[in-house]
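Text of the file work-v9.txt, holding compact mmCIF, C-alpha atoms:
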```
# COMPACT_ATOMS: atom_id res chain seq x y z
CA MET A 1 -22.54 -39.63 27.20
CA GLU A 2 -24.58 -42.44 25.65
CA SER A 3 -24.19 -42.68 21.90
CA ASN A 4 -27.23 -41.71 19.83
CA TYR A 5 -26.35 -43.40 16.56
CA HIS A 6 -25.62 -47.14 16.69
CA PHE A 7 -24.28 -49.12 13.74
CA LEU A 8 -25.41 -52.70 14.45
CA ILE A 9 -23.59 -55.56 12.72
CA CYS A 10 -25.14 -59.02 13.09
CA THR A 11 -24.37 -62.51 11.85
CA VAL A 12 -27.55 -64.27 10.67
CA GLY A 13 -28.47 -67.82 11.69
CA GLY A 14 -31.53 -69.96 11.19
CA THR A 15 -33.96 -67.64 12.97
CA ALA A 16 -34.67 -63.93 12.92
CA ASP A 17 -35.47 -63.77 16.65
CA PRO A 18 -31.98 -62.84 18.00
CA ILE A 19 -31.55 -60.15 15.34
CA LEU A 20 -34.92 -58.65 16.12
CA ALA A 21 -34.03 -58.73 19.82
CA ALA A 22 -30.75 -56.95 19.11
CA ILE A 23 -32.53 -54.33 17.04
CA LYS A 24 -35.06 -53.83 19.84
CA GLU A 25 -32.22 -53.50 22.38
CA TRP A 26 -30.00 -51.10 20.42
CA LYS A 27 -32.44 -49.22 18.15
CA PRO A 28 -29.75 -48.82 15.48
CA ALA A 29 -29.52 -45.97 13.01
CA ARG A 30 -27.87 -48.36 10.60
CA ALA A 31 -27.79 -52.16 10.41
CA LEU A 32 -25.62 -54.60 8.48
CA LEU A 33 -26.54 -58.28 8.26
CA ILE A 34 -24.11 -61.10 7.50
CA PRO A 35 -26.02 -64.16 6.30
CA SER A 36 -24.83 -67.33 4.64
CA SER A 37 -26.33 -68.65 1.42
CA GLU A 38 -28.66 -70.77 3.54
CA THR A 39 -29.82 -67.90 5.79
CA ASN A 40 -30.10 -65.13 3.23
CA THR A 41 -33.89 -65.48 3.22
CA ILE A 42 -33.87 -64.89 7.01
CA ALA A 43 -32.08 -61.61 6.38
CA ASP A 44 -34.76 -60.74 3.81
CA ASP A 45 -37.46 -61.39 6.40
CA VAL A 46 -35.71 -59.18 8.96
CA GLU A 47 -35.39 -56.26 6.56
CA ASN A 48 -38.96 -56.63 5.25
CA ASN A 49 -40.59 -56.86 8.64
CA CYS A 50 -38.53 -54.52 10.82
CA GLU A 51 -39.78 -50.96 10.62
CA SER A 52 -37.60 -49.52 13.39
CA VAL A 53 -34.49 -49.33 11.19
CA PRO A 54 -34.67 -46.28 8.89
CA THR A 55 -35.33 -46.79 5.20
CA GLY A 56 -32.08 -47.12 3.29
CA ALA A 57 -30.12 -47.95 6.44
CA TRP A 58 -29.76 -51.67 5.70
CA GLU A 59 -26.63 -53.30 4.31
CA ARG A 60 -25.59 -56.87 3.78
CA ILE A 61 -22.49 -59.03 3.27
CA LYS A 62 -23.35 -62.49 2.00
CA LEU A 63 -20.97 -65.33 2.83
CA HIS A 64 -20.30 -68.08 0.29
CA ASP A 65 -19.45 -70.85 2.75
CA ALA A 66 -20.51 -70.46 6.38
CA GLU A 67 -18.29 -73.38 7.42
CA ASN A 68 -15.12 -71.96 5.86
CA PHE A 69 -13.47 -69.81 8.52
CA SER A 70 -10.87 -68.27 6.19
CA ASP A 71 -13.51 -67.34 3.63
CA CYS A 72 -15.67 -65.76 6.33
CA VAL A 73 -12.75 -63.66 7.60
CA ARG A 74 -11.78 -62.58 4.09
CA LEU A 75 -15.24 -61.29 3.24
CA MET A 76 -15.85 -59.67 6.62
CA ARG A 77 -12.64 -57.67 6.34
CA ASP A 78 -14.56 -55.39 3.98
CA LEU A 79 -16.27 -54.12 7.12
CA ASP A 80 -13.18 -52.18 8.20
CA GLU A 81 -13.79 -49.28 5.81
CA LYS A 82 -17.50 -49.13 6.61
CA VAL A 83 -16.85 -49.03 10.35
CA THR A 84 -14.12 -46.42 10.00
CA ALA A 85 -16.35 -44.18 7.89
CA TRP A 86 -19.19 -44.47 10.42
CA LEU A 87 -17.00 -43.63 13.41
CA ARG A 88 -15.53 -40.61 11.63
CA LYS A 89 -18.94 -38.97 11.73
CA GLY A 90 -18.37 -37.98 15.34
CA PRO A 91 -18.39 -39.06 19.00
CA ALA A 92 -22.14 -39.76 18.94
CA TYR A 93 -21.62 -42.59 16.43
CA ASP A 94 -20.64 -46.04 17.66
CA VAL A 95 -20.58 -49.69 16.58
CA ILE A 96 -22.32 -52.70 18.11
CA VAL A 97 -21.18 -56.18 17.06
CA ASP A 98 -23.65 -59.01 17.64
CA PHE A 99 -22.40 -62.52 16.85
CA THR A 100 -25.34 -64.47 18.25
CA GLY A 101 -26.60 -66.01 15.00
CA GLY A 102 -24.92 -68.12 12.35
CA THR A 103 -22.37 -70.88 12.41
CA LYS A 104 -19.49 -70.97 14.86
CA CYS A 105 -17.17 -70.01 11.99
CA MET A 106 -19.29 -66.95 11.25
CA SER A 107 -19.35 -65.82 14.88
CA ALA A 108 -15.63 -66.43 15.38
CA ALA A 109 -14.77 -64.62 12.15
CA LEU A 110 -16.79 -61.54 13.11
CA ALA A 111 -15.24 -61.47 16.58
CA LEU A 112 -11.76 -61.73 15.02
CA VAL A 113 -12.29 -59.05 12.39
CA SER A 114 -13.86 -56.60 14.85
CA ARG A 115 -11.28 -57.07 17.60
CA ARG A 116 -9.45 -53.84 16.71
CA TRP A 117 -12.51 -51.65 16.33
CA PRO A 118 -13.69 -49.22 19.00
CA CYS A 119 -16.95 -51.12 19.53
CA ARG A 120 -19.08 -53.10 21.93
CA PHE A 121 -19.92 -56.78 21.70
CA SER A 122 -23.48 -57.92 22.13
CA TYR A 123 -24.80 -61.44 22.57
CA ILE A 124 -28.49 -62.29 22.73
CA GLY A 125 -29.19 -64.96 25.30
CA GLY A 126 -32.45 -65.72 27.05
CA SER A 127 -34.18 -66.67 30.24
CA GLN A 128 -35.64 -69.86 28.76
CA ARG A 129 -34.33 -72.39 26.22
CA THR A 130 -35.72 -75.43 24.50
CA LYS A 131 -34.44 -78.98 25.18
CA SER A 132 -34.52 -78.59 28.96
CA GLY A 133 -32.40 -75.45 28.92
CA VAL A 134 -29.67 -76.50 26.47
CA GLY A 135 -31.36 -75.72 23.13
CA VAL A 136 -32.11 -72.43 21.41
CA VAL A 137 -33.72 -69.48 23.19
CA GLU A 138 -37.48 -69.66 23.17
CA PRO A 139 -39.15 -66.95 21.06
CA GLY A 140 -40.06 -63.91 23.12
CA LYS A 141 -37.53 -64.77 25.86
CA GLU A 142 -34.50 -63.13 24.25
CA GLN A 143 -32.26 -60.86 26.36
CA ALA A 144 -29.08 -58.93 25.67
CA ARG A 145 -26.73 -60.89 27.91
CA VAL A 146 -23.32 -59.47 27.06
CA THR A 147 -22.34 -55.92 26.18
CA GLN A 148 -18.68 -55.08 26.61
CA ASN A 149 -15.80 -53.30 25.02
CA PRO A 150 -13.62 -56.05 23.48
CA TRP A 151 -10.53 -53.98 24.18
CA ASN A 152 -11.00 -54.69 27.89
CA ALA A 153 -9.95 -58.22 27.00
CA LEU A 154 -7.71 -57.33 24.05
CA GLY A 155 -5.73 -54.87 26.16
CA TYR A 156 -3.78 -57.83 27.46
CA GLN A 157 -3.01 -58.91 23.90
CA ALA A 158 -1.73 -55.39 23.24
CA ILE A 159 0.57 -55.78 26.25
CA GLU A 160 1.98 -59.04 24.90
CA ASP A 161 2.49 -57.50 21.46
CA ALA A 162 4.18 -54.44 22.96
CA CYS A 163 6.55 -56.58 25.02
CA LEU A 164 7.60 -58.46 21.89
CA LEU A 165 8.16 -55.18 20.05
CA PHE A 166 10.20 -53.85 22.97
CA ASP A 167 12.45 -56.90 22.97
CA GLN A 168 13.00 -56.34 19.23
CA GLN A 169 14.18 -52.80 20.12
CA ALA A 170 11.09 -51.21 18.59
CA PHE A 171 10.60 -49.09 21.70
CA MET A 172 8.52 -46.27 20.23
CA PRO A 173 6.21 -48.57 18.21
CA ALA A 174 5.62 -50.51 21.44
CA ALA A 175 4.77 -47.28 23.25
CA ASN A 176 2.43 -46.17 20.46
CA LEU A 177 0.63 -49.53 20.49
CA LEU A 178 0.04 -49.24 24.24
CA LYS A 179 -1.14 -45.65 23.90
CA LYS A 180 -3.71 -46.65 21.29
CA ALA A 181 -4.89 -49.58 23.40
CA ARG A 182 -5.18 -47.37 26.49
CA GLN A 183 -7.45 -44.99 24.61
CA ALA A 184 -9.68 -47.88 23.53
CA VAL A 185 -10.27 -49.60 26.88
CA ASP A 186 -12.68 -48.35 29.52
CA ASP A 187 -11.73 -50.72 32.35
CA ASP A 188 -9.79 -48.54 34.83
CA SER A 189 -7.40 -51.25 36.03
CA ILE A 190 -6.41 -52.28 32.50
CA LYS A 191 -6.11 -48.63 31.46
CA ARG A 192 -3.74 -48.00 34.38
CA THR A 193 -1.61 -51.04 33.55
CA LEU A 194 -1.37 -49.99 29.91
CA SER A 195 -0.41 -46.48 30.99
CA THR A 196 2.40 -47.73 33.25
CA LEU A 197 3.84 -49.99 30.56
CA HIS A 198 3.52 -47.14 28.06
CA GLN A 199 5.68 -44.99 30.33
CA LEU A 200 8.29 -47.76 30.47
CA CYS A 201 8.47 -48.25 26.70
CA LYS A 202 8.45 -44.51 26.05
CA GLY A 203 11.27 -44.06 28.55
CA TYR A 204 13.55 -46.52 26.83
CA GLY A 205 12.58 -45.13 23.43
CA LEU A 206 13.68 -41.68 24.59
CA TRP A 207 16.87 -43.13 26.05
CA ASP A 208 17.60 -44.82 22.73
CA ARG A 209 17.40 -41.34 21.17
CA PHE A 210 19.80 -39.88 23.77
CA GLN A 211 17.01 -37.85 25.41
CA HIS A 212 18.25 -38.78 28.85
CA ARG A 213 16.45 -36.20 30.98
CA GLU A 214 13.05 -37.00 29.49
CA ALA A 215 13.77 -40.73 29.73
CA THR A 216 14.54 -40.35 33.44
CA GLN A 217 11.11 -38.84 34.06
CA ARG A 218 9.35 -41.68 32.22
CA ILE A 219 11.27 -44.32 34.18
CA GLU A 220 10.45 -42.46 37.39
CA ASN A 221 6.76 -42.46 36.46
CA THR A 222 6.92 -46.20 35.82
CA LEU A 223 8.47 -46.86 39.22
CA LYS A 224 5.74 -44.82 40.94
CA ASN A 225 3.27 -47.42 39.64
CA ALA A 226 5.55 -50.43 39.95
CA ASN A 227 2.74 -52.61 41.34
CA ASP A 228 1.07 -52.45 37.92
CA LEU A 229 4.05 -54.31 36.47
CA LYS A 230 3.20 -57.33 38.62
CA ALA A 231 -0.07 -57.66 36.72
CA VAL A 232 1.96 -57.85 33.50
CA PHE A 233 5.00 -59.90 34.42
CA GLY A 234 4.12 -61.77 37.60
CA SER A 235 5.92 -61.35 40.92
CA THR A 236 9.29 -62.92 40.04
CA HIS A 237 9.95 -61.27 36.69
CA SER A 238 8.46 -57.95 37.80
CA GLU A 239 11.00 -57.80 40.63
CA LEU A 240 13.82 -58.18 38.11
CA VAL A 241 12.34 -55.50 35.85
CA ILE A 242 11.79 -53.10 38.76
CA ARG A 243 15.34 -53.60 40.03
CA THR A 244 16.66 -52.88 36.53
CA LEU A 245 14.52 -49.74 36.30
CA GLN A 246 15.90 -48.51 39.62
CA GLN A 247 19.47 -49.03 38.41
CA HIS A 248 18.72 -47.31 35.12
CA ARG A 249 17.06 -44.34 36.79
CA ALA A 250 20.31 -43.65 38.65
CA MET A 251 22.33 -44.24 35.48
CA LEU A 252 20.19 -41.81 33.48
CA GLU A 253 20.57 -39.10 36.12
CA THR A 254 24.33 -39.41 35.73
CA LEU A 255 24.05 -39.18 31.95
CA PHE A 256 22.14 -35.91 31.85
CA THR A 257 23.97 -34.29 34.78
CA GLN A 258 27.45 -35.31 33.56
CA PRO A 259 27.30 -35.20 29.76
CA GLN A 260 31.09 -35.16 29.37
CA SER A 261 31.88 -38.44 31.07
CA ARG A 262 32.97 -42.01 30.58
CA ALA A 263 29.36 -43.03 31.25
CA MET A 264 28.28 -41.15 28.13
CA VAL A 265 30.82 -43.04 26.02
CA ALA A 266 29.56 -46.33 27.45
CA ASP A 267 26.00 -45.29 26.60
CA LEU A 268 27.03 -44.41 23.06
CA LEU A 269 28.73 -47.78 22.65
CA ALA A 270 25.62 -49.58 23.92
CA ASN A 271 23.53 -47.62 21.43
CA ALA A 272 25.90 -48.66 18.64
CA LYS A 273 25.52 -52.28 19.70
CA ARG A 274 21.73 -52.02 19.46
CA ARG A 275 22.03 -50.62 15.95
CA SER A 276 24.23 -53.54 14.97
CA CYS A 277 21.61 -55.99 16.27
CA GLU A 278 19.23 -54.40 13.76
CA GLY A 279 21.76 -54.71 10.95
CA ARG A 280 22.02 -50.91 10.76
CA TRP A 281 25.78 -50.90 10.27
CA ASP A 282 26.07 -47.30 9.03
CA ASP A 283 24.22 -45.99 12.07
CA GLY A 284 26.31 -48.17 14.36
CA VAL A 285 29.59 -47.09 12.78
CA ALA A 286 28.64 -43.41 13.06
CA ARG A 287 28.20 -43.91 16.80
CA LEU A 288 31.48 -45.82 17.13
CA TYR A 289 33.34 -43.06 15.29
CA ARG A 290 31.97 -40.53 17.76
CA ALA A 291 32.82 -42.80 20.70
CA ILE A 292 36.45 -43.12 19.55
CA GLU A 293 36.65 -39.35 19.14
CA TRP A 294 35.05 -38.84 22.55
CA ILE A 295 37.58 -41.12 24.24
CA ALA A 296 40.36 -38.84 22.97
CA GLN A 297 38.51 -35.71 24.04
CA LEU A 298 38.00 -37.04 27.56
CA ALA A 299 41.68 -37.98 27.82
CA LEU A 300 42.71 -34.47 26.75
CA ALA A 301 40.28 -32.84 29.18
CA GLU A 302 40.95 -35.02 32.22
CA ARG A 303 44.75 -35.20 32.04
CA TYR A 304 45.78 -32.03 30.21
CA GLY A 305 42.95 -29.56 30.81
CA ILE A 306 42.12 -29.28 27.10
CA SER A 307 38.33 -29.25 27.35
CA ASN A 308 37.39 -28.30 23.80
CA THR A 309 39.07 -29.81 20.74
CA GLY A 310 37.29 -27.20 18.64
CA SER A 311 39.32 -24.45 20.28
CA VAL A 312 42.77 -25.65 21.38
CA LEU A 313 45.39 -23.05 22.28
CA LEU A 314 48.44 -23.47 20.06
CA GLU A 315 50.64 -23.00 23.10
CA CYS A 316 49.18 -26.25 24.56
CA VAL A 317 50.63 -28.26 21.67
CA PRO A 318 54.18 -29.52 22.26
CA GLU A 319 56.92 -29.25 19.67
CA PRO A 320 57.50 -30.36 16.97
CA LEU A 321 53.74 -30.76 16.41
CA ARG A 322 53.16 -27.10 17.25
CA GLU A 323 55.36 -25.94 14.41
CA LYS A 324 53.60 -28.36 12.02
CA TRP A 325 50.16 -27.02 12.94
CA GLN A 326 51.06 -23.36 13.35
CA SER A 327 49.84 -22.37 9.89
CA ARG A 328 46.38 -23.81 10.69
CA ALA A 329 45.90 -21.71 13.81
CA GLU A 330 43.43 -18.84 13.86
CA ASN A 331 43.95 -16.28 16.59
CA GLY A 332 46.28 -18.73 18.28
CA LYS A 333 43.67 -21.52 18.37
CA LEU A 334 43.24 -24.83 16.54
CA LYS A 335 40.28 -26.98 15.55
CA LEU A 336 41.15 -30.66 15.90
CA GLY A 337 39.36 -33.61 14.32
CA LEU A 338 39.57 -37.21 15.49
CA GLN A 339 42.96 -38.02 13.94
CA ASP A 340 44.36 -34.71 15.19
CA ALA A 341 43.17 -35.41 18.72
CA TYR A 342 45.11 -38.67 18.79
CA LEU A 343 48.17 -36.99 17.25
CA LEU A 344 48.06 -34.48 20.09
CA LEU A 345 47.70 -37.25 22.66
CA ASP A 346 50.70 -38.97 21.07
CA ALA A 347 52.77 -35.78 21.33
CA LEU A 348 51.74 -35.52 24.98
CA GLY A 349 52.74 -39.14 25.62
CA HIS A 350 49.29 -40.54 26.41
CA GLU A 351 48.84 -44.34 26.26
CA ALA A 352 45.58 -44.06 24.26
CA ALA A 353 47.58 -42.72 21.31
CA ARG A 354 49.90 -45.70 21.40
CA GLU A 355 46.89 -48.04 21.39
CA PHE A 356 45.38 -46.02 18.53
CA LYS A 357 48.51 -46.67 16.45
CA LYS A 358 48.66 -50.30 17.48
CA LEU A 359 45.13 -50.78 16.17
CA LYS A 360 46.26 -49.11 12.90
CA LEU A 361 43.52 -46.53 13.20
CA ASP A 362 46.02 -43.88 12.16
CA ASP A 363 46.58 -45.54 8.77
CA ARG A 364 44.45 -43.35 6.53
CA ASP A 365 44.48 -45.94 3.73
CA ARG A 366 43.51 -49.07 5.69
CA SER A 367 41.82 -47.76 8.84
CA PRO A 368 38.12 -48.65 9.30
CA LEU A 369 37.71 -44.99 10.23
CA THR A 370 38.38 -44.19 6.57
CA ALA A 371 35.60 -46.58 5.55
CA ARG A 372 33.29 -44.65 7.85
CA ASN A 373 34.28 -41.35 6.21
CA GLN A 374 33.33 -42.80 2.83
CA SER A 375 29.94 -44.06 4.04
CA ILE A 376 26.56 -42.63 3.06
CA LEU A 377 26.14 -41.11 6.54
CA ALA A 378 29.48 -39.29 6.29
CA HIS A 379 31.05 -38.02 3.07
CA GLY A 380 30.66 -40.84 0.55
CA ALA A 381 28.07 -42.97 -1.20
CA GLU A 382 28.96 -46.50 -0.09
CA PRO A 383 27.21 -48.22 2.84
CA VAL A 384 29.49 -49.86 5.36
CA GLY A 385 29.00 -53.44 6.47
CA LYS A 386 29.40 -55.73 9.42
CA GLN A 387 33.15 -56.13 8.95
CA VAL A 388 33.81 -52.40 9.40
CA PHE A 389 31.46 -52.28 12.37
CA ASP A 390 33.16 -55.22 14.07
CA ARG A 391 36.63 -53.70 13.63
CA LEU A 392 35.58 -50.33 14.98
CA TRP A 393 33.60 -51.95 17.82
CA SER A 394 36.67 -53.86 18.96
CA ALA A 395 38.83 -50.75 18.60
CA ALA A 396 36.47 -48.53 20.60
CA MET A 397 36.14 -51.06 23.40
CA THR A 398 39.91 -51.44 23.58
CA LEU A 399 40.69 -47.72 23.44
CA GLY A 400 38.18 -46.97 26.17
CA GLY A 401 39.13 -49.96 28.30
CA PHE A 402 35.51 -51.17 28.29
CA SER A 403 34.10 -54.65 28.70
CA GLU A 404 30.54 -55.43 27.64
CA SER A 405 29.53 -55.66 31.29
CA ASP A 406 30.35 -51.94 31.58
CA LEU A 407 27.64 -51.03 29.06
CA PRO A 408 23.98 -50.44 29.94
CA THR A 409 21.73 -53.26 28.76
CA PHE A 410 18.01 -52.66 28.34
CA PRO A 411 15.69 -55.17 30.04
CA ARG A 412 13.79 -57.85 28.19
CA LEU A 413 10.05 -57.80 28.84
CA ALA A 414 8.75 -60.92 27.13
CA THR A 415 11.18 -63.24 28.89
CA ASN A 416 12.61 -63.69 32.35
CA GLU A 417 16.02 -62.48 31.26
CA ASP A 418 17.33 -59.61 33.35
CA GLY A 419 19.04 -56.51 31.99
CA ARG A 420 21.70 -54.32 33.51
```
Please express what this file holds, its structure, as structure tokens.
Amino acid sequence: MESNYHFLICTVGGTADPILAAIKEWKPARALLIPSSETNTIADDVENNCESVPTGAWERIKLHDAENFSDCVRLMRDLDEKVTAWLRKGPAYDVIVDFTGGTKCMSAALALVSRRWPCRFSYIGGSQRTKSGVGVVEPGKEQARVTQNPWNALGYQAIEDACLLFDQQAFMPAANLLKKARQAVDDDSIKRTLSTLHQLCKGYGLWDRFQHREATQRIENTLKNANDLKAVFGSTHSELVIRTLQQHRAMLETLFTQPQSRAMVADLLANAKRRSCEGRWDDGVARLYRAIEWIAQLALAERYGISNTGSVLLECVPEPLREKWQSRAENGKLKLGLQDAYLLLDALGHEAAREFKKLKLDDRDRSPLTARNQSILAHGAEPVGKQVFDRLWSAAMTLGGFSESDLPTFPRLATNEDGR
């Protein structure tokens, strides 16, 4: 539905004609003029001689130096609150930005400041110009030449920004940026491209939060519209991205259908690595602690049929460890923590327990696992640092028999680097 209430914002040059033409074209309910010191009298003439704009509906922002781009941008930024307040009135209220008049600095500054608004751009051209067609538009020959939503062009900038955010592991902010841009554009092809890339970023954001089933659906939706990725990345890089998405779709299906698996440990380790890249050592260490515990739990389940360390039958524990733990048992069952799980593996003769001791993870005074227990995210008040993370990272990789090539690696969107 066509908007009924236009807020027209115009830069003012050396003649009132383009402003009057814009007012005639848009019939605004409110008008704001942006003159320089030299053209302020032109703005006076427009307001005094234009009866179509309602009384009291005029506003003005006067620029100090029309040739100073930075100064123009600084003063025009005050428009943000005015535009936001106008648009909040309802769907029938919109904004028209006309940058026909004024210096090039004025026009460029207005276009820059308004680039994020839900608005339309207007430019007053004409059918006839002075100086054999290269001068100014002849009076009475003005025409509204350009009216478009700037987001149809800025949507591509949003894509570039989102790709940079994605590569910085800000997956959800990238998705939110694309969602906002998609809502602003009205060009169907750009809207579709933004939607496809939004699905991709959302999918990896969900994966990063261990929401594997939901992530699978988002990746699947992206692959259904894989041709849209070619518009973003070009044919060569899009093929790499699509191939990675196909591999990751299969990987994600394994993760949510087989939650107790080596693949889940690898995914947890990869997540810890991403946290370390952000300098979030406490978060990374918390994941490594769980990965080391999970490695023991998988070993107990796969080789000895002990599927739940929270409910281990006392009779499954060999002597002399059984006698040592007997007083802890409730109804003939034991609850085992990480250290206990490796003690049980040691009693059963599993090689992971020997490696656990070799790495000195069983030393409750010097083990990096103890540093984790004293961290803010566990039971203490001290943040852990890179040194603790690095020790636990090396230990977890060794205990699980992983190499970095075994871990899922998210793709990079802003470069031609492939991901696993």
Between A:Met76, A:Ser70, A:Asn227, A:Lys82, single out the one closest to Phe7 of chain A, counting only C-alpha atoms.
A:Lys82
What does the structure give for the distance between atom CA of Leu313 of chain A and atom CA of Asp340 of chain A, in Å to one decimal?
13.7 Å
For Arg182 of chain A, which of A:Pro320, A:Pro368, A:Pro118, A:Gly205 is the closest residue, counting all atoms listed in the file?
A:Pro118
Correct to one decimal, the distance atom CA of Glu319 of chain A-atom CA of Leu369 of chain A is 26.6 Å
Rounded to one decimal in Å, what is the spacing between atom CA of Ala396 of chain A and atom CA of Tyr289 of chain A?
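Separation of atom CA of Ala396 of chain A and atom CA of Tyr289 of chain A: 8.2 Å.
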Do a neighbour search on segment 234-246 of chain A at 12 Å with only C-alpha atoms, toss out local chain neighbours closer than 6 positions, and write the hits as JSON, numbers by chain.
{"A": [197, 199, 200, 201, 203, 204, 215, 216, 217, 218, 219, 220, 221, 222, 223, 224, 225, 226, 227, 228, 252, 253, 408, 409, 410, 411, 412, 413, 414, 415, 416, 417, 418, 419, 420]}
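The nearest approach to Pro35 of chain A among the residues A:Phe121, A:Phe99, A:Tyr304, A:Phe389, with only C-alpha atoms taken into account, belongs to A:Phe99.
Closest approach to Leu392 of chain A from the set A:Ala352, A:Leu288, A:Leu343, A:Cys119 is made by A:Leu288, with distances taken over all atoms listed in the file.
Among A:Glu351, A:Glu315, A:Asp94, A:Asp45, the residue with the shortest atom-to-atom distance to Ile295 of chain A, counting all atoms listed in the file, is A:Glu351.
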Surrounding residues of Thr254 of chain A excluding itself and chain neighbours under 4 positions, 10 Å, only C-alpha atoms, as a PyMOL selection string
chain A and resi 212-213+248-250+258-259+261+263-264
Using only C-alpha atoms: which of A:Ala66, A:Pro54, A:Glu323, A:Ile9 has the shortest distance to Asp80 of chain A
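Of the candidates, the smallest distance to Asp80 of chain A is held by A:Ile9.
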For segment 231-299 of chain A against segment 158-177 of chain A, with a cut-off of 10 Å and counting all atoms listed in the file, what is the closest atom pair and its distance in Å to one decimal for every residue that makes the cut, ordered by chain and number, as a tab-separated table?
```
residue	atom	partner	partner_atom	distance
A:Val232	CA	A:Ile159	CA	7.7
A:Arg274	CA	A:Gln169	CA	7.6
A:Arg275	CA	A:Gln169	CA	9.2
A:Cys277	CA	A:Gln169	CA	9.0
A:Glu278	CA	A:Gln169	CA	8.3
```
Ala29 of chain A: which residues within 10 Å, counting all atoms listed in the file, same-chain residues fewer than 3 positions away excluded, as a compact mmCIF listing (two decimals) with C-alpha atoms, in the coordinates of the input?
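Output below, filename result_18.txt:
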```txt
# COMPACT_ATOMS: atom_id res chain seq x y z
CA ASN A 4 -27.23 -41.71 19.83
CA TYR A 5 -26.35 -43.40 16.56
CA HIS A 6 -25.62 -47.14 16.69
CA PHE A 7 -24.28 -49.12 13.74
CA LEU A 8 -25.41 -52.70 14.45
CA ILE A 23 -32.53 -54.33 17.04
CA TRP A 26 -30.00 -51.10 20.42
CA SER A 52 -37.60 -49.52 13.39
CA VAL A 53 -34.49 -49.33 11.19
CA PRO A 54 -34.67 -46.28 8.89
CA THR A 55 -35.33 -46.79 5.20
CA ALA A 57 -30.12 -47.95 6.44
CA TRP A 58 -29.76 -51.67 5.70
CA TYR A 93 -21.62 -42.59 16.43
```
Can you pull out every residue within 8 Å of Asp186 of chain A, counting only C-alpha atoms, but drop anything in the same chain fewer than 3 positions away, and send it as a PyMOL selection string?
chain A and resi 149+152+183+190-191
Sel. within 10 Å of pt (46.7, -18.1, 18.2), counting all atoms listed in the file, output as a ChimeraX atom specification:
/A:311-315,326-334
The selected residues should be written to file as a short mmCIF file (atom, residue, chain, number, x, y, z; two decimals), keeping the file's coordinate frame (atoms: C-alpha atoms).
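Output contents, as saved in part-v3.cif:
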```cif
data_model
loop_
_atom_site.label_atom_id
_atom_site.label_comp_id
_atom_site.auth_asym_id
_atom_site.auth_seq_id
_atom_site.Cartn_x
_atom_site.Cartn_y
_atom_site.Cartn_z
CA SER A 311 39.32 -24.45 20.28
CA VAL A 312 42.77 -25.65 21.38
CA LEU A 313 45.39 -23.05 22.28
CA LEU A 314 48.44 -23.47 20.06
CA GLU A 315 50.64 -23.00 23.10
CA GLN A 326 51.06 -23.36 13.35
CA SER A 327 49.84 -22.37 9.89
CA ARG A 328 46.38 -23.81 10.69
CA ALA A 329 45.90 -21.71 13.81
CA GLU A 330 43.43 -18.84 13.86
CA ASN A 331 43.95 -16.28 16.59
CA GLY A 332 46.28 -18.73 18.28
CA LYS A 333 43.67 -21.52 18.37
CA LEU A 334 43.24 -24.83 16.54
#
```
Give me the residues near segment 292-294 of chain A as number ranges by chain, where near means some atom within 10 Å (using all atoms listed in the file) and where sequence neighbours in that chain fewer than 4 positions away do not count.
A: 260-262, 264-265, 268-269, 287-288, 298-300, 309, 337-342, 356, 369, 392-393, 395-400
